[in-house]
Every structure is written in C-alpha cells, then in structure tokens.
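What follows is one structure encoded as structure tokens, with my remarks underneath.
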Amino acid sequence: MEEFLHCLRIQIVPDVEEENRINNIVAFCKEYGFKNVMLFINAEEYNVGHMTKEEAEPWLKTMLRAKKKLTENGISVSLNPWMEIGHTDRCRTLKAGQNFTLMEDYNGKKGTTTVCPLDENWRAYFADFYTHLLKTVKPEVVWVEDDFRLHNHGKLEYGGCFCPIHMKLYNEKLGTNYSREEFKDRLFGKNADDAVKRAWLSVSRETMAEYARFIGDVVKKADTGTQVGLMSSAADSHSMEARDWHAVANGLSQGKKIHRIHLPCYVERTGKDYMFEFNRSSMAVRTFLPNDSMIYPELENGAFSTFIKDARFLQFQVGSAIPLILSGMTYDIYDFVGNGTIAEHGYGEALRDITPYLNGVMSLGLSFADLTGVQIPIDEKTVFNRKHIGRFEDLRPEEFFAGAYLGSYGVAYKYTKEKRFCGENVALFGGAADNFTDGELADLFRDNFVLIEGGAALRLAERGLLSLISAKSAERIPYESTLLSYEQSRGEVGGIAKRRTSSFGKAGDYVKIEYENGAEILSDAFENTGKYFGNGVARGKNFILNPYVMDYFQGEQFNPMRVGLLQNAIESSGNEYMFSGRAGVCCYHYKNSGGHTVMIVNATVGKLPCISLKTNVPVREAYVLGRDGALKKTQFEQNGNALKILCELEYLSTATVVLK
C-alpha cells in the first residue's frame, strides 16, 4: 500500500556545522517517519540573486554529502531551488554579464533581479544552471518555486509584466503600437478597452503555459529521471493571470503531475479563520488541477517558532488538508538559516502520531472527482468576463467566497468547472454569473435549485435576466450609506420568531430588489427607527436569494437567522444534501460505488461529544477511521434527516466516516 509521504524542506549551510546538521536531519527523519528531504539552494537569507555555478559549488558539495547519508538510511532526496525568475529583490542586483530583461510593472518600475520569464538571455542562463544542478544532485523531484507567477514580486505593482518583450506581444495581439502608458490607460484608465484587457490576459495566460513547457523541456533534456513539482499560490491571484492550469501541469510533467497547493496559514490563527481561507482557496486550486495530480500541500511556519505555530495547530493543518486527497505533505517548519531541526518544537511527535490515520485515509482509494455537495461553478478564465475594471484589484474574483461561506458553516460543497447541471443545489456567487451564457443561466435556474447572493443578482440585472429570480429591479446600496440597520425574519428561525440580524457593514453591501409574483419574501430590512427599507431573503421555486454582496469575509452572514434560512432552503430543495449546521465544523462528502465517505473537520476550540449531520442520505452502516488507520464499525442514530455518529471528535482535529 502506498503510504503518506512526509517531505522535509530544509537548507543545510556549507560551514563548520554542516556535518552536525546533516546528522541531525537524518536522525529526525528516521525517528519521525520522514521519507523525503527537499534540499534548498539559494534560499531566503542566503539568496544571492541569479546564482552562478561557482557560487553553487560549496552548496552542492554539502548536498551530495547529505544525500549520501540520507539515501543510506532509506530517505529520498529532492531539490528545491528557491529562485527561478525571483520572488522579490531585497536589494539584490544582476551580476556582471547577466544581461537579463527585468520584470517591469505597468507604471514602468523595474525589478533589480526579478526577470521576465520570456527573456532569452535569462533562459539560456537558467537552462545551463538548472541542468548543472540536476546532473549534480540527481534529485527524485525538482520543485519549481512559487515565484512561478506574474504577480506579487516585491515592490512591483500586481498586474504582470510590461517589459519591452511583453509590450511587443500585447501590440501584436491587437495590431497596435501602444506605449506602456497608452496601454495602461486602455487597460485600467478612463479609456478602458475590453480588447486591450483580453490581449493582456491572453498573453499572460500564454506566457505561463509556455514558461512551464520551457522548464519541462530543460528537465527532460537533463535526462536524470527527475520529476517536476510545482508550488502555487492563492486561487484568486492565479486567476488574475488567467492561468491555464492543465497546460502548466502538462508542460512541467515528466510523467507525473506533482503539485504543492498553498495552505493559507503561515502564522497560526483560529481554526475557523484558517478553514475559511482553506475553503476559499486551497479547494479551488485543487479543482483547477488535473484530477490525477499528486498533491503535497505546503505547510509553513512563518517565523519558525512555536509562538507562530504550535505543534497541535500544525497537526491540525495536516489532518484538515485531507479533503484535497493527498499523496503527502511538504514542511517548511524550521528556519532557512541553517539550524537543522529543533526537537523542542514538538513537530516531529505531532506528525508521527497522525501518520497511521493519514495512511488509513489513503487506503480508502478516494478520488477528488468523487467529491459532491452544493455545486459551486468556477472558471479559470473568469477574469476575461469581468466588467467595470478601473484598477487591477477589480479583477480579483469573488466567487470563491461561496466555498468559504458554505464550507465554514458545514455545508458539503464542490467547486466545479461544469456549466450544466440537473437536479443539483448550485451556489451562484458574484462574477460566476458572467461565466455563463444567457441560455446556460436559463437552464441552470430551470433544472436546479440555486443559492444566489446580491452580487450575482446584480449581474443578472445588467444582462436583463432578472426574470430568472422573479424580480424586476436591483440596486446596489453601499453599506452604512443609508439608515438601513437590521433585518427581521417573517417567520420563526431556530425557534425564535421574528429573528433579527444586523445589516451594517459586516453584512456587506445591500442589494435592494423588487420582486414580481413567484418570490416569497422570508425577511425584511428596516431602518433604525423600524421603518421598512426593503426586501430581505427571498425564496422562489428554484432559488433562494440573500440580498447582500458577499465578496469578502462578512461576519454578519454567519448569523443564525441568515444561515438558518439558507439551511432550511437546502433541506426542502428535494436534492441530495449534507451539512453539519455548526460554525467551524466543516463537512466534505465523497460518493462512489463503495458508498459515502465524509470528512469532518472540527476547527472549533470545543470537543464534540458526537458527530451530528443533517442529510437525506439513508444509512445502514457506519464506520469510523481510527487514529491507528483502521476502519471500525460504529453505532449511529438516524431520525429523519438527523444523523448522529456516536463517536467523539476532539477540537482542532478531523474524523473520516464511511457510510453504507
């Protein structure tokens, strides 16, 4: 049986302590079950810009000494060069003879070491240097760092590259001869031109796909049998460069598609905060990747101390990542400056303790394609369809907040690239509506039950499609720009009649919608004096609409009144559903020929005496995966749609349940 692979990312500095550090790392890996070490070179504090072979020589000698001892002890070695085009400059500059085209932002500011990935001089250097590293170390995997991106390069503005190479490509797409300033004005300024935006995005998309093919070809020509892994960042950042995820994966692949998904917590936060971001980003990235990808997420300790991340939270991050369907995990948990591993942090024990459970999850043979739940349509080309772009940040997609919101309140969901559904619960948030044709939207509302928020309703209004939600007008009202103060249910919610919740800023911008026949109003919005302001939540035959723009973390949206109305609608939709109904208790539902597998993540600070779910899935038998990795039949109670699995779930921990 294939086992969960713990991969330690660490830098061994070539100095008088290197032998002690090597011995320390070998002993750590043997004691705590790490079977792979990813050796850094040219990383962080020791980064020298675009490293020469001469500068690499002492590092490579140390790596070879480390590799010998590691492999003698059954531990494989991978290579993690920390720099391709460069994350950020940090006062580094190009060396003599490095005549590379530097990355340039739309204001004309250039990096000092961050280069354009299309520059031929840099590519010649990179191919030669990378080949030298590969042939010297012969690693099992070479990891492409997350400087493989067009945005987030230090002091450069987000927006990609506007160097002469890229400006030529933009103009060739358009058949124009715009200067950088003229192009910027037509991209984000008063003279915004959709054709310019599409040319810019198309070139960005092509740049990253071609850049991946280039690196893949370099590795193939080195002929060392090395696989390639890619480290990525947040879903919305890569969406803003219109990343072609499959083209990138295929371009890099040497037979296997290996990916390190970003886990959004370099510094420990509450479990609920963490899972909000995990559901918003990590699960979305996994959806964009090929289904057969091997997933080794990034577990980081931002400033390398137990104040920044303690062992229990680190263990929680590993366990809560299993919905991604993992092959292993990468750990950047000890500093880059060369101290080796630090025993007193307690990380080794925490990871060793959870390993049997992780192996047990792998033995279930789940595929990410088995995930089911409320369908959340997303599109890697969503930025092509976004409107009203006055600045780069306006391209940031908000549809990923559907997964963050639903997942964080325990509703089983599934991001999907599909556009056609039948008999499903579907969440349509924000710009996701713009990724459908008018006909596809008509089919969506006709054949499914749609959970829609104010941002998507505004898109329907712009396109003359308000009839899909039985409405005749929709107006966006910025939060706290009027006397709008609170919302009140017309009926009973959670045992409270006329239940109220705030409509202030933490609820988001309000969308005032006037309905025709066909919509039942479930709540009303009021001013501070009790004067009626407008409609609240509305329910139609095939939809429920929450009239707020949910494009950020709006805390008031988690109020029991709003969540209660949503859950009632899901339960009465007639479609299959599953949810925990508890804030911070996330639910991931996998379904295949073997039955139903449910992963429950308790991100709260309280121990659960049992696992409680609401579902219309009938259950005959229930099995819980123990911490020893073995499935054990367990008692359960099912009364109508209330399912209770009779096992405890500790705080900051995960349970895997198989239902038949």
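In the structure tokens, each chain is lettered A, B, ... as it comes, each chain's residues begin at 1, and ligands are numbered from 1 in order of appearance.
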
Those of segment 405-627 of chain A in DSSP strand (DSSP E or B), formatted as a VMD selection string: chain A and resid 411 413 to 416 425 to 428 449 to 453 471 to 477 484 to 489 492 to 493 496 to 497 500 to 502 510 to 515 519 to 521 523 to 527 532 to 535 538 to 540 543 to 546 548 578 to 579 585 to 592 595 to 602 608 611 to 615 622 to 625

Contacts of segment 11-18 of chain A at 7 Å (only C-alpha atoms; same-chain gap of 6+ positions) as a list in words: Leu39, Phe40, Ile41, Pro58, Trp59, Thr62, Phe336 and Gly338 of chain A

Residues as selected, C-alpha atoms, written as a compact mmCIF listing (two decimals), in the first residue's frame, can you do that?
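For reference, part.txt as written:
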```
# COMPACT_ATOMS: atom_id res chain seq x y z
CA LEU A 39 17.09 20.45 -0.05
CA PHE A 40 17.01 24.20 -0.58
CA ILE A 41 19.64 26.08 -2.50
CA PRO A 58 30.06 24.65 -1.93
CA TRP A 59 26.29 24.16 -1.55
CA THR A 62 27.18 19.78 1.06
CA PHE A 336 16.35 28.74 6.45
CA GLY A 338 20.85 26.52 8.94
```

Atom CA of Ser573 of chain A to atom CA of Gly536 of chain A, straight-line distance in Å: 19.6 Å

Can you tell me which residues surround Gly49 of chain A at a distance of at most 8 Å, considering only C-alpha atoms, apart from same-chain residues fewer than 4 positions away, and format the answer as an mmCIF file with N, CA and C atoms, in the first residue's frame?
```cif
data_model
loop_
_atom_site.group_PDB
_atom_site.id
_atom_site.type_symbol
_atom_site.label_atom_id
_atom_site.label_comp_id
_atom_site.auth_asym_id
_atom_site.auth_seq_id
_atom_site.Cartn_x
_atom_site.Cartn_y
_atom_site.Cartn_z
ATOM 1 N N ASN A 42 20.108 28.447 -2.499
ATOM 2 C CA ASN A 42 19.923 29.855 -2.846
ATOM 3 C C ASN A 42 18.640 30.408 -2.240
ATOM 4 N N MET A 83 14.785 29.900 -6.405
ATOM 5 C CA MET A 83 14.611 31.031 -7.311
ATOM 6 C C MET A 83 14.604 30.574 -8.757
ATOM 7 N N GLY A 86 12.500 34.856 -9.662
ATOM 8 C CA GLY A 86 12.700 35.664 -8.465
ATOM 9 C C GLY A 86 11.394 36.049 -7.794
ATOM 10 N N ASP A 89 13.209 41.306 -4.790
ATOM 11 C CA ASP A 89 14.611 41.688 -4.994
ATOM 12 C C ASP A 89 15.441 41.746 -3.710
ATOM 13 N N ARG A 92 19.070 42.777 -3.956
ATOM 14 C CA ARG A 92 19.959 42.032 -4.850
ATOM 15 C C ARG A 92 19.887 42.658 -6.246
ATOM 16 N N THR A 93 20.959 42.514 -6.988
ATOM 17 C CA THR A 93 21.008 43.039 -8.351
ATOM 18 C C THR A 93 21.581 41.978 -9.279
ATOM 19 N N LEU A 94 21.450 42.233 -10.572
ATOM 20 C CA LEU A 94 22.047 41.319 -11.545
ATOM 21 C C LEU A 94 23.563 41.392 -11.452
ATOM 22 N N THR A 113 16.358 42.186 -9.640
ATOM 23 C CA THR A 113 16.756 40.813 -10.002
ATOM 24 C C THR A 113 15.593 40.031 -10.597
#
```

Atom-to-atom span, atom CA of Glu576 of chain A and atom CA of Ala404 of chain A, Å: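 Calculated distance between atom CA of Glu576 of chain A and atom CA of Ala404 of chain A is 20.3 Å.
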
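Of the residues listed (A:Glu55, A:Asp379, A:Glu241, A:Glu120), A:Glu241 shows the shortest atom-to-atom separation from Asn152 of chain A; distances use only C-alpha atoms.
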
Identify, on the basis of only C-alpha atoms, every residue whose closest approach to segment 360-370 of chain A does not exceed 9 Å; exclude the query and any residue fewer than 5 positions from it along the same chain; express the result as a PDB file with C-alpha atoms, in the first residue's frame.
```
ATOM      1  CA  MET A   1       0.000   0.000   0.000  1.00  0.00           C
ATOM      2  CA  GLU A   2       1.223   3.485  -0.880  1.00  0.00           C
ATOM      3  CA  GLU A   3       1.995   5.492   2.247  1.00  0.00           C
ATOM      4  CA  PHE A   4       1.645   9.158   3.079  1.00  0.00           C
ATOM      5  CA  ARG A 286      -7.364  21.528  -6.371  1.00  0.00           C
ATOM      6  CA  THR A 287     -10.418  21.771  -8.629  1.00  0.00           C
ATOM      7  CA  ASN A 291      -7.679  15.002 -11.283  1.00  0.00           C
ATOM      8  CA  ASP A 292      -4.662  12.654 -11.421  1.00  0.00           C
ATOM      9  CA  ILE A 322      -7.115  15.524   3.637  1.00  0.00           C
ATOM     10  CA  PRO A 323     -10.158  16.684   1.601  1.00  0.00           C
ATOM     11  CA  LEU A 324      -7.618  17.635  -1.113  1.00  0.00           C
ATOM     12  CA  ILE A 325      -6.878  13.872  -1.475  1.00  0.00           C
ATOM     13  CA  LEU A 326      -3.220  13.891  -0.533  1.00  0.00           C
ATOM     14  CA  SER A 327      -0.149  11.928  -1.501  1.00  0.00           C
ATOM     15  CA  THR A 355       0.668   9.272  10.270  1.00  0.00           C
ATOM     16  CA  HIS A 589     -18.768  14.438   1.170  1.00  0.00           C
ATOM     17  CA  TYR A 590     -17.298  11.890  -1.261  1.00  0.00           C
ATOM     18  CA  LYS A 591     -19.551   9.462  -3.110  1.00  0.00           C
ATOM     19  CA  ASN A 592     -18.586   6.482  -5.257  1.00  0.00           C
ATOM     20  CA  THR A 597     -17.155   8.906   2.754  1.00  0.00           C
ATOM     21  CA  LEU A 625     -11.400   5.570  10.680  1.00  0.00           C
ATOM     22  CA  GLY A 626      -9.409   5.308  13.903  1.00  0.00           C
ATOM     23  CA  ARG A 627      -6.177   7.124  14.685  1.00  0.00           C
ATOM     24  CA  ASP A 628      -4.470   3.789  14.062  1.00  0.00           C
ATOM     25  CA  GLY A 629      -5.676   3.885  10.444  1.00  0.00           C
ATOM     26  CA  ALA A 630      -8.188   1.043  10.809  1.00  0.00           C
ATOM     27  CA  LEU A 631     -11.897   1.294   9.985  1.00  0.00           C
ATOM     28  CA  THR A 656     -13.293  10.257   8.462  1.00  0.00           C
TER      29      THR A 656
END
```

Selection: 7 Å around Tyr32 of chain A, only C-alpha atoms, excl. self and same-chain fewer than 5 positions, as JSON, numbers by chain: {"A": [348, 349, 352]}

10 Å contact set for Phe553 of chain A, only C-alpha atoms, chain neighbours under 2 positions out, as a PyMOL selection string: chain A and resi 273+276-277+401+404-405+506-508+550-551+555-558

Using only C-alpha atoms, please write the residues we just selected to a file, as a compact mmCIF listing (two decimals), in the first residue's frame.
```
# COMPACT_ATOMS: atom_id res chain seq x y z
CA ASP A 273 -10.29 31.60 10.17
CA PHE A 276 -12.48 29.88 5.77
CA GLU A 277 -9.34 30.53 3.70
CA PHE A 401 -16.27 33.11 -1.27
CA ALA A 404 -15.55 29.79 2.04
CA TYR A 405 -19.03 30.68 3.28
CA LYS A 506 -20.25 43.40 8.36
CA ALA A 507 -23.17 42.12 6.31
CA GLY A 508 -21.85 43.60 3.04
CA MET A 550 -20.68 38.56 -0.45
CA ASP A 551 -17.21 39.38 -1.74
CA GLY A 555 -19.13 38.18 9.59
CA GLU A 556 -22.84 39.04 9.84
CA GLN A 557 -23.58 36.50 7.12
CA PHE A 558 -22.86 33.77 9.68
```

Pick from A:Tyr266, A:Tyr651, A:Phe543, A:Phe504 nearest to Ala603 of chain A, counting only C-alpha atoms: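 Using only C-alpha atoms, Ala603 of chain A sits closest to A:Tyr651.
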
Residue list (alpha helix (DSSP H), DSSP) for segment 390-545 of chain A, as a ChimeraX atom specification: /A:401-408,438-447,454-462

For C-alpha atoms, I'd like the residues from the last selection saved as a PDB file, in the first residue's frame.
```pdb
ATOM      1  CA  PHE A 401     -16.269  33.109  -1.266  1.00  0.00           C
ATOM      2  CA  ALA A 402     -19.132  30.709  -1.981  1.00  0.00           C
ATOM      3  CA  GLY A 403     -16.962  27.795  -0.859  1.00  0.00           C
ATOM      4  CA  ALA A 404     -15.552  29.792   2.040  1.00  0.00           C
ATOM      5  CA  TYR A 405     -19.031  30.676   3.277  1.00  0.00           C
ATOM      6  CA  LEU A 406     -20.800  27.356   2.765  1.00  0.00           C
ATOM      7  CA  GLY A 407     -17.849  25.228   3.856  1.00  0.00           C
ATOM      8  CA  SER A 408     -17.203  27.214   7.004  1.00  0.00           C
ATOM      9  CA  ASP A 438     -27.857  33.604 -21.145  1.00  0.00           C
ATOM     10  CA  GLY A 439     -29.077  30.186 -22.246  1.00  0.00           C
ATOM     11  CA  GLU A 440     -26.910  28.373 -19.706  1.00  0.00           C
ATOM     12  CA  LEU A 441     -28.263  30.595 -16.928  1.00  0.00           C
ATOM     13  CA  ALA A 442     -31.839  29.889 -18.005  1.00  0.00           C
ATOM     14  CA  ASP A 443     -31.096  26.150 -17.899  1.00  0.00           C
ATOM     15  CA  LEU A 444     -29.395  26.499 -14.527  1.00  0.00           C
ATOM     16  CA  PHE A 445     -32.433  28.065 -12.870  1.00  0.00           C
ATOM     17  CA  ARG A 446     -34.894  25.774 -14.654  1.00  0.00           C
ATOM     18  CA  ASP A 447     -33.196  22.472 -13.785  1.00  0.00           C
ATOM     19  CA  GLY A 454     -26.630  40.042  -4.233  1.00  0.00           C
ATOM     20  CA  GLY A 455     -23.500  40.278  -6.390  1.00  0.00           C
ATOM     21  CA  ALA A 456     -24.739  37.646  -8.828  1.00  0.00           C
ATOM     22  CA  ALA A 457     -28.215  39.219  -8.812  1.00  0.00           C
ATOM     23  CA  LEU A 458     -26.648  42.491  -9.996  1.00  0.00           C
ATOM     24  CA  ARG A 459     -25.047  40.607 -12.887  1.00  0.00           C
ATOM     25  CA  LEU A 460     -28.449  39.227 -13.852  1.00  0.00           C
ATOM     26  CA  ALA A 461     -29.855  42.770 -13.763  1.00  0.00           C
ATOM     27  CA  GLU A 462     -27.113  44.081 -16.080  1.00  0.00           C
TER      28      GLU A 462
END
```

Test item: residues at most 8 Å from Ser293 of chain A, only C-alpha atoms, excluding those fewer than 5 positions along its chain, as a list in words: Lys256, Lys257, Ile258 and His259 of chain A

Okay, now the selection with N, CA and C atoms, as a PDB file, in the first residue's frame?
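Output contents, as saved in result.pdb:
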```pdb
ATOM      1  N   LYS A 256       4.619  12.345 -14.200  1.00  0.00           N
ATOM      2  CA  LYS A 256       3.724  12.554 -13.065  1.00  0.00           C
ATOM      3  C   LYS A 256       3.413  14.040 -12.947  1.00  0.00           C
ATOM      4  N   LYS A 257       2.195  14.346 -12.533  1.00  0.00           N
ATOM      5  CA  LYS A 257       1.803  15.730 -12.269  1.00  0.00           C
ATOM      6  C   LYS A 257       1.826  15.923 -10.758  1.00  0.00           C
ATOM      7  N   ILE A 258       2.809  16.664 -10.270  1.00  0.00           N
ATOM      8  CA  ILE A 258       3.050  16.816  -8.839  1.00  0.00           C
ATOM      9  C   ILE A 258       2.829  18.281  -8.468  1.00  0.00           C
ATOM     10  N   HIS A 259       2.040  18.499  -7.416  1.00  0.00           N
ATOM     11  CA  HIS A 259       1.679  19.880  -7.103  1.00  0.00           C
ATOM     12  C   HIS A 259       1.677  20.133  -5.598  1.00  0.00           C
TER      13      HIS A 259
END
```

Pick from A:Phe148, A:Tyr409, A:Tyr548, A:Trp143 nearest to Thr330 of chain A, counting only C-alpha atoms: A:Trp143

Using only C-alpha atoms, what table do you get, as CSV, when you list each residue of segment 297-336 of chain A with an atom no more than 12 Å from segment 605-616 of chain A, its nearest pair of atoms, and their distance in Å rounded to one decimal, rows by chain then rising number?
```
residue,atom,partner,partner_atom,distance
A:Arg312,CA,A:Val605,CA,11.8
A:Phe313,CA,A:Val605,CA,11.3
A:Phe316,CA,A:Val605,CA,11.8
```

Suppose we keep C-alpha atoms; can you now write the selection as a PDB file, in the first residue's frame?
```pdb
ATOM      1  CA  ARG A 312      -1.152  20.950  17.792  1.00  0.00           C
ATOM      2  CA  PHE A 313      -2.077  23.517  15.149  1.00  0.00           C
ATOM      3  CA  PHE A 316      -4.497  20.162  12.659  1.00  0.00           C
TER       4      PHE A 316
END
```

Pairwise distance for atom CA of Ala199 of chain A and atom CA of Thr176 of chain A, rounded to one decimal in Å: 11.1 Å
